[in-house]
$ cat start.cif   # mmCIF, C-alpha atoms and all ligand atoms
data_final
#
loop_
_atom_site.label_atom_id
_atom_site.label_comp_id
_atom_site.auth_asym_id
_atom_site.auth_seq_id
_atom_site.Cartn_x
_atom_site.Cartn_y
_atom_site.Cartn_z
CA MET A 73 -134.47 6.82 -79.41
CA LYS A 74 -134.83 10.59 -79.78
CA TYR A 75 -133.11 12.58 -82.51
CA PHE A 76 -131.34 15.91 -81.98
CA ALA A 77 -129.12 18.21 -84.01
CA VAL A 78 -127.22 21.46 -83.95
CA ILE A 79 -127.55 23.65 -87.04
CA GLY A 80 -125.11 26.35 -88.09
CA ASN A 81 -122.69 27.51 -90.74
CA PRO A 82 -119.90 26.66 -90.16
CA ILE A 83 -120.74 23.72 -87.88
CA ALA A 84 -117.81 21.28 -87.99
CA HIS A 85 -116.24 22.92 -84.90
CA SER A 86 -119.38 22.57 -82.76
CA ARG A 87 -118.89 20.78 -79.42
CA SER A 88 -122.65 20.38 -78.88
CA PRO A 89 -122.88 16.69 -79.96
CA GLU A 90 -120.10 15.78 -77.52
CA ILE A 91 -121.71 17.78 -74.70
CA HIS A 92 -125.21 16.34 -75.18
CA ASP A 93 -123.86 12.79 -75.62
CA ALA A 94 -121.93 13.15 -72.35
CA PHE A 95 -125.01 14.48 -70.49
CA ALA A 96 -127.15 11.63 -71.87
CA LYS A 97 -124.61 8.94 -71.09
CA ALA A 98 -124.24 10.08 -67.49
CA LEU A 99 -128.03 9.86 -67.08
CA GLY A 100 -128.33 6.49 -68.85
CA LEU A 101 -130.20 7.92 -71.87
CA THR A 102 -129.56 6.96 -75.49
CA ILE A 103 -129.81 9.83 -77.96
CA ASN A 104 -128.78 10.54 -81.51
CA TYR A 105 -127.29 14.06 -81.83
CA GLN A 106 -125.82 15.22 -85.16
CA ARG A 107 -124.31 18.34 -86.70
CA LEU A 108 -126.35 19.93 -89.51
CA LEU A 109 -124.69 22.28 -91.97
CA SER A 110 -127.07 24.55 -93.85
CA GLU A 111 -126.69 27.25 -96.43
CA PRO A 112 -128.49 30.39 -95.26
CA ALA A 113 -131.02 30.18 -98.10
CA GLN A 114 -131.81 26.55 -97.18
CA PHE A 115 -132.44 27.08 -93.47
CA THR A 116 -136.23 26.50 -93.50
CA GLN A 117 -135.91 23.53 -95.81
CA THR A 118 -133.20 21.91 -93.68
CA VAL A 119 -135.13 22.42 -90.45
CA ASN A 120 -138.35 21.17 -92.06
CA ALA A 121 -136.58 18.03 -93.19
CA PHE A 122 -135.25 17.44 -89.68
CA PHE A 123 -138.64 17.85 -88.04
CA HIS A 124 -140.42 16.09 -90.94
CA ARG A 125 -142.59 19.09 -91.73
CA THR A 126 -143.77 20.39 -95.05
CA ASP A 127 -145.65 23.69 -95.02
CA VAL A 128 -144.39 25.63 -92.07
CA GLY A 129 -146.61 28.41 -90.84
CA VAL A 130 -149.33 27.52 -93.35
CA GLU A 131 -150.89 24.19 -92.57
CA HIS A 132 -150.10 23.13 -89.06
CA ALA A 133 -153.03 20.73 -89.07
CA ARG A 134 -151.25 18.60 -91.64
CA THR A 135 -148.03 18.41 -89.69
CA GLU A 136 -149.52 18.02 -86.24
CA CYS A 137 -148.32 14.88 -84.54
CA ALA A 138 -145.64 14.53 -87.22
CA GLU A 139 -143.31 13.32 -84.52
CA ALA A 140 -145.82 10.69 -83.35
CA ARG A 141 -146.41 9.48 -86.93
CA ASN A 142 -142.75 9.31 -87.80
CA PRO A 143 -140.60 8.02 -84.98
CA ILE A 144 -137.39 9.38 -86.46
CA ALA A 145 -138.63 12.97 -86.74
CA GLY A 146 -136.26 15.22 -84.85
CA HIS A 147 -137.17 16.07 -81.26
CA GLY A 148 -134.89 19.02 -80.61
CA MET A 149 -132.44 21.27 -82.37
CA ASN A 150 -129.81 23.70 -81.15
CA VAL A 151 -129.22 26.72 -83.33
CA THR A 152 -125.97 28.57 -83.67
CA VAL A 153 -124.44 31.32 -85.81
CA PRO A 154 -125.82 32.63 -88.19
CA PHE A 155 -129.33 31.19 -87.72
CA LYS A 156 -130.59 32.42 -84.34
CA GLU A 157 -132.80 35.13 -85.86
CA ALA A 158 -134.03 32.79 -88.62
CA ALA A 159 -134.99 30.26 -85.93
CA LEU A 160 -136.96 32.98 -84.14
CA GLN A 161 -138.99 33.49 -87.31
CA TYR A 162 -139.33 29.74 -87.85
CA ALA A 163 -140.74 28.81 -84.44
CA ASP A 164 -144.52 28.47 -84.01
CA GLU A 165 -144.34 29.53 -80.40
CA LEU A 166 -141.72 31.43 -78.39
CA SER A 167 -140.68 31.44 -74.75
CA GLU A 168 -140.37 34.80 -72.99
CA ALA A 169 -136.56 34.46 -73.05
CA ALA A 170 -136.54 33.98 -76.84
CA GLN A 171 -138.99 36.79 -77.48
CA ILE A 172 -137.03 39.28 -75.43
CA ALA A 173 -133.63 38.09 -76.68
CA GLY A 174 -134.89 38.39 -80.26
CA ALA A 175 -133.11 35.11 -80.99
CA VAL A 176 -133.66 31.35 -80.63
CA ASN A 177 -130.94 28.83 -79.82
CA THR A 178 -133.18 25.86 -78.97
CA LEU A 179 -136.08 24.42 -80.97
CA THR A 180 -138.31 21.71 -79.50
CA ASN A 181 -140.80 19.55 -81.38
CA GLN A 182 -143.98 19.56 -79.32
CA SER A 183 -146.19 17.10 -81.23
CA GLY A 184 -145.54 18.84 -84.52
CA LYS A 185 -145.48 22.42 -83.20
CA ILE A 186 -142.04 23.88 -82.88
CA LYS A 187 -141.29 25.88 -79.74
CA GLY A 188 -138.41 28.35 -79.79
CA ASP A 189 -136.39 29.09 -76.67
CA ASN A 190 -133.18 30.87 -75.78
CA THR A 191 -130.93 29.32 -73.14
CA ASP A 192 -127.80 31.46 -73.74
CA GLY A 193 -128.54 34.01 -71.04
CA ILE A 194 -129.40 31.46 -68.39
CA GLY A 195 -126.23 29.59 -69.41
CA LEU A 196 -124.14 32.70 -68.77
CA VAL A 197 -125.83 33.49 -65.45
CA THR A 198 -125.54 29.88 -64.23
CA ASP A 199 -121.86 29.80 -65.13
CA ILE A 200 -121.16 33.06 -63.27
CA LEU A 201 -123.22 32.19 -60.18
CA THR A 202 -122.63 28.47 -59.84
CA ASN A 203 -119.33 27.60 -61.48
CA HIS A 204 -117.47 30.84 -60.69
CA GLN A 205 -119.39 31.53 -57.46
CA TRP A 206 -119.58 35.24 -58.32
CA PRO A 207 -122.73 37.03 -57.13
CA ILE A 208 -124.72 39.31 -59.47
CA ALA A 209 -127.43 40.64 -57.14
CA ASP A 210 -126.69 44.21 -56.01
CA LYS A 211 -123.49 44.28 -58.09
CA ARG A 212 -122.38 46.62 -60.86
CA VAL A 213 -122.27 44.79 -64.18
CA LEU A 214 -120.80 46.09 -67.45
CA MET A 215 -121.80 44.48 -70.74
CA VAL A 216 -119.36 45.26 -73.55
CA GLY A 217 -121.07 44.82 -76.94
CA ALA A 218 -124.56 45.44 -78.23
CA GLY A 219 -125.11 42.70 -80.81
CA GLY A 220 -127.18 39.52 -80.55
CA ALA A 221 -124.86 37.88 -78.01
CA ALA A 222 -125.21 40.81 -75.59
CA ARG A 223 -128.95 41.22 -76.15
CA GLY A 224 -129.64 37.53 -75.41
CA CYS A 225 -128.18 37.85 -71.91
CA LEU A 226 -129.69 41.14 -70.71
CA LEU A 227 -132.97 39.82 -69.29
CA PRO A 228 -131.43 36.88 -67.38
CA ILE A 229 -128.87 39.28 -65.86
CA LEU A 230 -131.53 41.85 -64.94
CA LYS A 231 -133.58 39.07 -63.29
CA GLN A 232 -130.68 38.67 -60.85
CA GLN A 233 -131.30 42.28 -59.79
CA PRO A 234 -127.87 43.83 -60.20
CA GLN A 235 -127.42 47.28 -58.70
CA GLN A 236 -126.75 48.53 -62.24
CA LEU A 237 -126.26 46.99 -65.67
CA THR A 238 -124.35 49.26 -68.05
CA ILE A 239 -124.01 48.54 -71.77
CA THR A 240 -121.06 49.95 -73.66
CA ASN A 241 -120.28 49.47 -77.33
CA ARG A 242 -118.00 50.72 -80.10
CA SER A 243 -121.12 52.08 -81.83
CA VAL A 244 -122.66 53.83 -78.84
CA ASP A 245 -126.04 54.36 -80.52
CA LYS A 246 -126.62 50.58 -80.43
CA ALA A 247 -125.83 50.49 -76.70
CA GLN A 248 -128.25 53.34 -76.17
CA SER A 249 -131.13 51.71 -78.02
CA LEU A 250 -130.60 48.38 -76.23
CA ALA A 251 -130.52 50.10 -72.83
CA GLU A 252 -133.68 52.06 -73.64
CA GLY A 253 -135.45 48.91 -74.86
CA PHE A 254 -134.65 47.02 -71.63
CA GLN A 255 -135.37 49.84 -69.15
CA LYS A 256 -138.69 48.29 -68.18
CA TYR A 257 -136.90 45.17 -66.90
CA GLY A 258 -134.45 46.75 -64.45
CA ASN A 259 -131.68 49.25 -63.75
CA ILE A 260 -129.94 49.53 -67.08
CA ASP A 261 -128.00 52.36 -68.71
CA TYR A 262 -125.30 52.85 -71.33
CA ALA A 263 -121.94 54.55 -71.60
CA ASP A 264 -119.48 55.47 -74.32
CA TYR A 265 -116.13 53.75 -73.75
CA THR A 266 -114.51 55.68 -76.57
CA ASP A 267 -115.20 58.86 -74.60
CA TYR A 268 -115.13 57.45 -71.08
CA ALA A 269 -113.31 60.35 -69.44
CA THR A 270 -116.50 62.38 -69.78
CA THR A 271 -118.75 59.76 -68.13
CA ASP A 272 -119.00 58.88 -64.44
CA THR A 273 -119.80 55.24 -64.97
CA LEU A 274 -116.63 53.93 -66.65
CA ASN A 275 -114.24 55.72 -64.30
CA ARG A 276 -114.50 53.17 -61.50
CA PRO A 277 -114.36 49.39 -61.18
CA TYR A 278 -117.25 47.09 -61.99
CA ASP A 279 -117.91 43.85 -60.09
CA ILE A 280 -118.43 42.00 -63.39
CA VAL A 281 -117.34 42.99 -66.92
CA ILE A 282 -118.69 40.76 -69.72
CA ASN A 283 -117.20 40.81 -73.20
CA ALA A 284 -120.00 40.01 -75.66
CA THR A 285 -118.28 41.54 -78.69
CA ALA A 286 -116.89 39.63 -81.63
CA ALA A 287 -113.44 41.19 -81.02
CA SER A 288 -111.91 38.09 -79.37
CA LEU A 289 -112.96 35.98 -82.36
CA HIS A 290 -110.53 38.03 -84.41
CA GLY A 291 -107.87 38.13 -81.67
CA GLN A 292 -108.51 41.85 -81.22
CA MET A 293 -108.54 43.89 -78.04
CA ILE A 294 -111.15 46.53 -77.35
CA ALA A 295 -109.84 49.91 -76.22
CA LEU A 296 -111.49 49.67 -72.80
CA PRO A 297 -110.46 51.92 -69.90
CA ALA A 298 -108.35 50.09 -67.30
CA GLU A 299 -110.37 51.83 -64.54
CA ILE A 300 -113.27 49.39 -65.00
CA PHE A 301 -111.15 46.55 -63.54
CA SER A 302 -109.94 45.93 -59.99
CA ALA A 303 -108.86 42.95 -57.88
CA ASP A 304 -112.57 42.42 -57.11
CA THR A 305 -113.71 42.27 -60.75
CA LEU A 306 -114.77 39.16 -62.63
CA ALA A 307 -113.84 39.69 -66.31
CA TYR A 308 -115.92 37.26 -68.37
CA ASP A 309 -115.25 36.66 -72.07
CA MET A 310 -118.14 34.87 -73.80
CA MET A 311 -115.60 33.35 -76.17
CA TYR A 312 -113.40 30.44 -75.17
CA ALA A 313 -110.06 29.23 -76.43
CA LYS A 314 -107.00 27.28 -75.33
CA LYS A 315 -105.18 30.51 -74.49
CA PRO A 316 -106.60 33.55 -72.65
CA THR A 317 -108.21 36.02 -75.06
CA PRO A 318 -106.78 39.57 -75.42
CA PHE A 319 -109.69 40.82 -73.27
CA MET A 320 -108.82 38.33 -70.52
CA THR A 321 -105.11 39.22 -70.62
CA PHE A 322 -105.85 42.95 -70.40
CA ALA A 323 -108.21 42.38 -67.45
CA GLN A 324 -105.63 40.20 -65.66
CA GLN A 325 -102.99 42.89 -66.16
CA HIS A 326 -105.33 45.14 -64.19
CA ARG A 327 -105.74 42.55 -61.39
CA ALA A 328 -109.15 41.18 -62.37
CA THR A 329 -110.09 37.49 -62.26
CA ALA A 330 -110.53 36.56 -65.92
CA VAL A 331 -112.54 33.59 -67.21
CA ASP A 332 -113.71 32.47 -70.63
CA GLY A 333 -117.11 31.32 -71.91
CA LEU A 334 -116.62 27.55 -72.00
CA GLY A 335 -118.84 27.17 -68.93
CA MET A 336 -121.55 29.25 -70.63
CA LEU A 337 -121.45 26.91 -73.64
CA VAL A 338 -121.94 23.86 -71.44
CA GLU A 339 -124.56 25.50 -69.21
CA GLN A 340 -126.69 26.70 -72.16
CA ALA A 341 -126.54 23.12 -73.46
CA ALA A 342 -127.57 21.82 -70.02
CA GLN A 343 -130.60 24.11 -70.04
CA ALA A 344 -131.59 22.90 -73.54
CA PHE A 345 -131.07 19.31 -72.34
CA TYR A 346 -133.45 20.01 -69.45
CA LEU A 347 -136.08 21.39 -71.82
CA TRP A 348 -135.87 18.22 -73.91
CA HIS A 349 -135.42 15.52 -71.26
CA GLY A 350 -136.74 17.08 -68.04
CA GLU A 351 -133.49 16.26 -66.23
CA HIS A 352 -130.65 18.53 -65.14
CA PRO A 353 -127.33 17.05 -66.25
CA GLU A 354 -124.12 17.34 -64.26
CA THR A 355 -121.91 19.92 -65.99
CA ALA A 356 -118.62 20.24 -64.07
CA THR A 357 -117.00 17.10 -65.47
CA VAL A 358 -118.09 17.97 -69.02
CA ILE A 359 -116.56 21.46 -68.73
CA GLN A 360 -113.37 19.92 -67.40
CA ARG A 361 -113.20 17.32 -70.18
CA ILE A 362 -113.69 19.89 -72.95
CA ARG A 363 -111.16 22.22 -71.33
CA GLN A 364 -108.57 19.45 -71.43
CA SER A 365 -109.22 18.78 -75.12
CA LEU A 366 -108.93 22.41 -76.30
P1 LIG A 401 -123.25 38.83 -82.23
O1 LIG A 401 -124.60 38.40 -82.69
O2 LIG A 401 -122.25 37.72 -82.08
O3 LIG A 401 -123.32 39.70 -81.02
P2 LIG A 401 -123.00 41.14 -83.95
O4 LIG A 401 -124.45 41.41 -83.86
O5 LIG A 401 -122.31 41.29 -85.26
O6 LIG A 401 -122.65 39.68 -83.47
O7 LIG A 401 -122.28 42.08 -82.86
C1 LIG A 401 -120.93 42.09 -82.73
C2 LIG A 401 -120.56 43.00 -81.54
O8 LIG A 401 -119.14 43.01 -81.43
C3 LIG A 401 -120.98 44.45 -81.71
O9 LIG A 401 -121.24 45.00 -80.44
C4 LIG A 401 -119.73 45.07 -82.35
O10 LIG A 401 -119.62 46.47 -82.19
P3 LIG A 401 -120.37 47.45 -83.22
O11 LIG A 401 -121.81 47.43 -82.86
O12 LIG A 401 -119.72 48.77 -83.00
O13 LIG A 401 -120.11 46.88 -84.59
C5 LIG A 401 -118.66 44.38 -81.56
N1 LIG A 401 -117.33 44.31 -82.19
C6 LIG A 401 -116.92 43.53 -83.21
N2 LIG A 401 -115.61 43.70 -83.46
C7 LIG A 401 -115.16 44.63 -82.57
C8 LIG A 401 -113.90 45.24 -82.31
N3 LIG A 401 -112.81 44.92 -83.02
N4 LIG A 401 -113.82 46.14 -81.31
C9 LIG A 401 -114.90 46.46 -80.58
N5 LIG A 401 -116.13 45.92 -80.78
C10 LIG A 401 -116.26 45.01 -81.75
#
$ encode --input "start.cif" --output "structure tokens" --more "lines below"
Ligand code: ATR
Amino acid sequence: MKYFAVIGNPIAHSRSPEIHDAFAKALGLTINYQRLLSEPAQFTQTVNAFFHRTDVGVEHARTECAEARNPIAGHGMNVTVPFKEAALQYADELSEAAQIAGAVNTLTNQSGKIKGDNTDGIGLVTDILTNHQWPIADKRVLMVGAGGAARGCLLPILKQQPQQLTITNRSVDKAQSLAEGFQKYGNIDYADYTDYATTDTLNRPYDIVINATAASLHGQMIALPAEIFSADTLAYDMMYAKKPTPFMTFAQQHRATAVDGLGMLVEQAAQAFYLWHGEHPETATVIQRIRQSL
């Protein structure tokens, strides 16, 4: 039996155990997947205990094959708020996605070495392309927000070769520095939504508008221009809830198709599951089941 966990603070609300258990059951695998609450100051200690490690970053030789020596050492860990940057520092090795996102949401025990990955962006892209059947290639995409959630998705979106990816944010300087940092990966620019009348970009509809801000978490609406939406726009809120978020309602009022981020949650989990088990789980029924229980 392999051991898994999701670490965060708070963590009681996390649906990850349910999602991974459902994936495993459907594929006939038996796993043990738990929630791990950690105080920020105890992050390294808690993760060390899970992976049965002692001196992280100092004496790898001593901990090598820790998993082989101790059969109940954890095999994989998902990382959620507020530990994604701490997990980036913790990992011995990073995937390209994690390095460029500047955050880790998946840790894998590779014979005592811990590999850090980030599956959030691929989760978002898979949800948009596969579950919502909305193309990204050659389309105009607007990312609202310039924090960790936005940053983690930029490279996977750019890999789909959109015509343009625009970042807009309440603090426009953050949008600017993100756009400049990602220019080498594709067509990316930024715009100021608080002063949109003076920019060309936010005066016409986008094919996809993604809300990666924390505004929905607080039930707040962002003062976005209505011109960015049309009947051909997919408005995607990374948050999910029983009721449409204020961002989704505003987009619907301006004829857009509005969806929430439940599919992204399940698809990022599916990608982590693949990294750990080498099998792609079926996601549609899991999304449907969680939707019904919201
Ligand atoms: P995360 O890692 O979840 O992205 P974060 O780094 O704190 O969290 O970023 C939060 C994002 O939500 C930022 O883009 C923030 O805008 P600022 O950079 O201007 O702070 C945005 N945000 C939070 N509350 C908002 C609100 N009420 N209206 C608009 N943007 C908001």
$ atom_distance --input "start.cif" --atom1 "atom CA of Val281 of chain A" --atom2 "atom CA of Lys315 of chain A"
19.0 Å
$ residues_around --input "start.cif" --residues "segment 168-177 of chain A" --least-positions-apart "5" --cutoff "6 Å" --atoms "only C-alpha atoms" --output "list in words"
Asn150, Val151, Lys156, Glu157, Ala159, Leu160, Gly188, Asp189, Asn190, Arg223 and Gly224 of chain A
$ closest_residue --input "start.cif" --among "A:Ser243, A:Thr355, A:Gln360, A:Thr270" --to "ligand LIG 401 (chain A)" --atoms "all atoms listed in the file"
A:Ser243
$ closest_atom_pairs --input "start.cif" --of "chain A" --to "ligand LIG 401 (chain A)" --cutoff "7 Å" --atoms "all atoms listed in the file" --output "Markdown table"
| residue | atom | partner | partner_atom | distance |
| --- | --- | --- | --- | --- |
| A:Gly217 | CA | A:LIG401 | O9 | 3.5 |
| A:Ala218 | CA | A:LIG401 | O9 | 4.0 |
| A:Gly219 | CA | A:LIG401 | O4 | 3.4 |
| A:Gly220 | CA | A:LIG401 | O1 | 3.5 |
| A:Ala221 | CA | A:LIG401 | O3 | 3.8 |
| A:Ala222 | CA | A:LIG401 | O3 | 5.9 |
| A:Asn241 | CA | A:LIG401 | O9 | 5.5 |
| A:Arg242 | CA | A:LIG401 | O12 | 3.9 |
| A:Ser243 | CA | A:LIG401 | O12 | 3.8 |
| A:Lys246 | CA | A:LIG401 | O11 | 6.2 |
| A:Ala284 | CA | A:LIG401 | O3 | 6.3 |
| A:Thr285 | CA | A:LIG401 | O8 | 3.2 |
| A:Ala286 | CA | A:LIG401 | O8 | 4.1 |
| A:Ala287 | CA | A:LIG401 | N2 | 4.1 |
| A:Gln292 | CA | A:LIG401 | N3 | 5.6 |
| A:Met293 | CA | A:LIG401 | N4 | 6.6 |
| A:Ile294 | CA | A:LIG401 | N4 | 4.8 |
$ atom_distance --input "start.cif" --atom1 "atom CA of Ala113 of chain A" --atom2 "atom CA of Thr152 of chain A"
15.4 Å
$ atom_distance --input "start.cif" --atom1 "atom CA of Glu252 of chain A" --atom2 "atom CA of Gln232 of chain A"
18.8 Å
$ residues_around --input "start.cif" --residues "His352 of chain A" --least-positions-apart "3" --cutoff "9 Å" --atoms "only C-alpha atoms" --output "list in words"
Phe95, Ala342, Gln343, Phe345, Tyr346, His349 and Thr355 of chain A
$ residues_around --input "start.cif" --residues "Tyr268 of chain A" --least-positions-apart "3" --cutoff "10 Å" --atoms "all atoms listed in the file" --output "PyMOL selection string"
chain A and resi 240+263-265+271-275+296-297+299
$ residues_near_point --input "start.cif" --point "(-124.8, 18.3, -70.0)" --cutoff "12 Å" --atoms "all atoms listed in the file" --output "PyMOL selection string"
chain A and resi 87-99+101+195+335-349+351-362
$ residues_near_point --input "start.cif" --point "(-118.5, 27.1, -80.9)" --cutoff "10 Å" --atoms "all atoms listed in the file" --output "VMD selection string"
chain A and resid 80 82 to 88 152 to 153 311 to 313 334 337
$ residues_around --input "start.cif" --residues "Lys314 of chain A" --least-positions-apart "3" --cutoff "9 Å" --atoms "all atoms listed in the file" --output "PyMOL selection string"
chain A and resi 317+363-366
$ write_last_selection --input "start.cif" --atoms "C-alpha atoms" --output "PDB file, in the coordinates of the input"
ATOM      1  CA  THR A 317    -108.210  36.020 -75.060  1.00  0.00           C
ATOM      2  CA  ARG A 363    -111.160  22.220 -71.330  1.00  0.00           C
ATOM      3  CA  GLN A 364    -108.570  19.450 -71.430  1.00  0.00           C
ATOM      4  CA  SER A 365    -109.220  18.780 -75.120  1.00  0.00           C
ATOM      5  CA  LEU A 366    -108.930  22.410 -76.300  1.00  0.00           C
TER       6      LEU A 366
END
$ closest_residue --input "start.cif" --among "A:Arg125, A:His204, A:Lys185, A:Lys74" --to "Tyr308 of chain A" --atoms "all atoms listed in the file"
A:His204
$ closest_residue --input "start.cif" --among "A:Trp206, A:Leu201, A:Gln233, A:Gly148" --to "Lys187 of chain A" --atoms "only C-alpha atoms"
A:Gly148
$ residues_around --input "start.cif" --residues "Ala307 of chain A" --least-positions-apart "5" --cutoff "10 Å" --atoms "all atoms listed in the file" --output "PyMOL selection string"
chain A and resi 214+278-283+300-302+319-324+327-332
